[in-house]
Amino acid sequence: MIVAAYIPATINPTAITSPVDSTVQPVTTYPESDGRSLPPALDVYGLTHPGKVRQNNEDHFLVCALQRKVEVYHTSLPDPSIFGRTEGLAFLALLADGVGGARAGEEASRIALEHVTRYVSHSLNCYYTSDPGDDETFVHELEEAAMKVHQEISQESHDNPDLRGMATTLTLWLGVGSSAYLLQVGDSRCYILHEGELIQISRDQTMAEELVEAGVFDRTDPAFGRWNNILSSAIGGPQAAPKVTRVAQSLGSIGLMCSDGLTRHVSDERIKERLLNMKSARECCESLLQDALDAGGEDNITIITGRPAPQP
């Protein structure tokens, strides 16, 4: 069964957890941004599938907008409706690929998404009151958010014998105007298609990559495949090393996040081709999912794609 989320042109502040039959309603122009405002329209879609081999799905994803709204109860002002407008704070996409088997992996990925979203929401208050030219404090807060969830999952795993060994990857994209922040723990990937080139902006936190960097072998060595499925960093695992990368957002770029259930079967060249020819975020996700299933579908598959809504 596929679980999907669709965000139409005007982002809904609540995450959608089931398919919605709708079409993108693009806007005509993009107003000037102050650097910390949301784009007015996004074409975003996400889905998750257990694959063709596994009975359970340990992946979870979330696509949402973080917003705030002034609720007016009493006032002497002639037009209080002006305060009823919703102000967009940030666009948030998260993906977690649980490990630990059945209930443990599914629980770890669920906890990670729910808890880190809460921490990030609180951290945005720091972001919007800080110096726009200095975001080091905010980057540190994002890393701390991941570590808090890591500690919570580790404690839950210790206290509950049924959840022993649970852990999860965590890949989080936080878009705020012309800037975005990628938070990563584990090997769930994030790509950007920019000016026709596919760029992997995440780094696989696996033992294989650690050994390549240490010069033990290169990616063509048969040993690379044996170590590539062993995480060197995971939320709830023996070690968590959150990495935050600041990325400039562009109206002409397309983003993709995915679990390794996609990349173990579908090459970067095929991903690039799908993104270059995408008609909509939904169509692109569904086509990539079919590619992974046709190639074996040996793992859970989760895909999120997003771009500014195309102008007419």
# chains A, B, ... in the order shown; residues from 1 in each chain; ligands from 1
>>> residues_around(residues="A:Ala104", least_positions_apart="2", cutoff="12 Å", atoms="only C-alpha atoms", output="VMD selection string")
chain A and resid 56 to 59 97 to 102 106 to 111 153 to 154 156 to 158 160 to 168 236
>>> write_last_selection(atoms="N, CA, C and O atoms", output="short mmCIF file (atom, residue, chain, number, x, y, z; two decimals), in the first residue's frame")
data_model
loop_
_atom_site.label_atom_id
_atom_site.label_comp_id
_atom_site.auth_asym_id
_atom_site.auth_seq_id
_atom_site.Cartn_x
_atom_site.Cartn_y
_atom_site.Cartn_z
N ASN A 56 6.51 -5.31 6.20
CA ASN A 56 6.24 -4.09 6.95
C ASN A 56 7.03 -2.93 6.36
O ASN A 56 8.02 -3.11 5.65
N ASN A 57 6.58 -1.73 6.67
CA ASN A 57 7.24 -0.52 6.20
C ASN A 57 7.77 0.25 7.41
O ASN A 57 7.00 0.72 8.25
N GLU A 58 9.09 0.37 7.51
CA GLU A 58 9.71 1.06 8.63
C GLU A 58 10.06 2.51 8.29
O GLU A 58 10.66 3.21 9.11
N ASP A 59 9.69 2.96 7.10
CA ASP A 59 9.92 4.35 6.70
C ASP A 59 8.76 5.24 7.15
O ASP A 59 7.61 4.79 7.20
N ASP A 97 14.18 6.51 7.88
CA ASP A 97 14.22 5.10 7.50
C ASP A 97 14.63 4.30 8.73
O ASP A 97 15.79 4.29 9.13
N GLY A 98 13.64 3.65 9.37
CA GLY A 98 13.89 2.95 10.62
C GLY A 98 14.64 1.65 10.45
O GLY A 98 14.51 0.97 9.43
N VAL A 99 15.46 1.33 11.45
CA VAL A 99 16.16 0.05 11.48
C VAL A 99 15.91 -0.59 12.84
O VAL A 99 15.54 0.06 13.80
N GLY A 100 16.07 -1.88 12.89
CA GLY A 100 15.82 -2.60 14.13
C GLY A 100 14.76 -3.67 13.99
O GLY A 100 14.55 -4.48 14.88
N GLY A 101 14.09 -3.68 12.84
CA GLY A 101 13.12 -4.74 12.57
C GLY A 101 11.72 -4.41 13.03
O GLY A 101 11.50 -3.98 14.17
N ALA A 102 10.76 -4.60 12.13
CA ALA A 102 9.32 -4.52 12.41
C ALA A 102 8.96 -3.34 13.30
O ALA A 102 9.20 -2.20 12.95
N GLU A 106 9.90 0.90 12.83
CA GLU A 106 8.77 1.78 12.55
C GLU A 106 8.58 2.79 13.67
O GLU A 106 8.31 3.97 13.44
N GLU A 107 8.76 2.35 14.90
CA GLU A 107 8.60 3.24 16.05
C GLU A 107 9.70 4.30 16.08
O GLU A 107 9.45 5.47 16.37
N ALA A 108 10.93 3.90 15.78
CA ALA A 108 12.05 4.84 15.79
C ALA A 108 11.85 5.95 14.76
O ALA A 108 12.06 7.13 15.06
N SER A 109 11.45 5.58 13.55
CA SER A 109 11.27 6.60 12.52
C SER A 109 10.09 7.52 12.84
O SER A 109 10.15 8.73 12.59
N ARG A 110 9.04 6.97 13.43
CA ARG A 110 7.89 7.79 13.81
C ARG A 110 8.26 8.79 14.90
O ARG A 110 7.97 9.99 14.79
N ILE A 111 8.93 8.32 15.94
CA ILE A 111 9.33 9.20 17.04
C ILE A 111 10.26 10.30 16.53
O ILE A 111 10.12 11.47 16.89
N ILE A 153 15.27 8.38 21.85
CA ILE A 153 15.10 7.05 21.25
C ILE A 153 16.03 6.04 21.92
O ILE A 153 15.64 4.89 22.17
N SER A 154 17.25 6.46 22.24
CA SER A 154 18.17 5.56 22.93
C SER A 154 17.62 5.16 24.29
O SER A 154 17.71 3.99 24.69
N GLU A 156 14.38 5.15 25.19
CA GLU A 156 13.21 4.29 24.97
C GLU A 156 13.64 2.87 24.62
O GLU A 156 13.05 1.89 25.08
N SER A 157 14.67 2.75 23.83
CA SER A 157 15.20 1.44 23.46
C SER A 157 15.74 0.70 24.68
O SER A 157 15.57 -0.52 24.82
N HIS A 158 16.36 1.44 25.58
CA HIS A 158 16.91 0.84 26.80
C HIS A 158 15.81 0.39 27.75
O HIS A 158 15.91 -0.67 28.39
N ASN A 160 12.53 -0.31 27.03
CA ASN A 160 11.52 -1.22 26.49
C ASN A 160 12.18 -2.37 25.74
O ASN A 160 12.72 -2.18 24.66
N PRO A 161 12.13 -3.59 26.31
CA PRO A 161 12.79 -4.73 25.66
C PRO A 161 12.28 -5.00 24.24
O PRO A 161 13.04 -5.48 23.40
N ASP A 162 11.01 -4.67 23.97
CA ASP A 162 10.46 -4.92 22.64
C ASP A 162 11.05 -3.98 21.59
O ASP A 162 10.90 -4.22 20.39
N LEU A 163 11.68 -2.89 22.03
CA LEU A 163 12.21 -1.90 21.10
C LEU A 163 13.74 -1.85 21.13
O LEU A 163 14.34 -0.90 20.62
N ARG A 164 14.36 -2.88 21.71
CA ARG A 164 15.82 -2.89 21.79
C ARG A 164 16.43 -2.86 20.39
O ARG A 164 15.98 -3.55 19.48
N GLY A 165 17.44 -2.01 20.24
CA GLY A 165 18.15 -1.92 18.97
C GLY A 165 17.50 -1.02 17.96
O GLY A 165 17.97 -0.91 16.82
N MET A 166 16.42 -0.31 18.33
CA MET A 166 15.76 0.53 17.34
C MET A 166 16.60 1.78 17.06
O MET A 166 17.24 2.34 17.95
N ALA A 167 16.60 2.18 15.81
CA ALA A 167 17.33 3.37 15.37
C ALA A 167 16.72 3.81 14.04
O ALA A 167 15.87 3.12 13.46
N THR A 168 17.16 4.95 13.56
CA THR A 168 16.60 5.46 12.30
C THR A 168 17.54 6.47 11.66
O THR A 168 18.33 7.12 12.35
N GLY A 236 19.48 7.09 17.59
CA GLY A 236 19.22 5.94 18.44
C GLY A 236 20.28 4.86 18.34
O GLY A 236 20.25 3.89 19.10
#
>>> select_by_dssp(residues="stretch 70-297 of chain A", states="strand (DSSP E or B)", output="PyMOL selection string")
chain A and resi 86-99+167-168+170-176+179-185+189-194+197-200+206+231+235+243-248+254-258
>>> closest_residue(among="A:Leu174, A:Leu288, A:Leu95, A:Ile271", to="A:Ser121", atoms="only C-alpha atoms")
A:Leu174
>>> closest_residue(among="A:His60, A:His140, A:Glu273, A:Gly255", to="A:Pro308", atoms="only C-alpha atoms")
A:Gly255
>>> closest_atom_pairs(of="stretch 155-184 of chain A", to="stretch 239-247 of chain A", cutoff="9 Å", atoms="only C-alpha atoms", output="tab-separated table")
residue	atom	partner	partner_atom	distance
A:Leu170	CA	A:Pro242	CA	8.9
A:Ser178	CA	A:Val247	CA	8.8
A:Ser179	CA	A:Val247	CA	5.9
A:Ala180	CA	A:Val247	CA	5.1
A:Tyr181	CA	A:Arg246	CA	4.6
A:Leu182	CA	A:Thr245	CA	5.1
A:Leu183	CA	A:Val244	CA	4.5
A:Gln184	CA	A:Lys243	CA	5.3
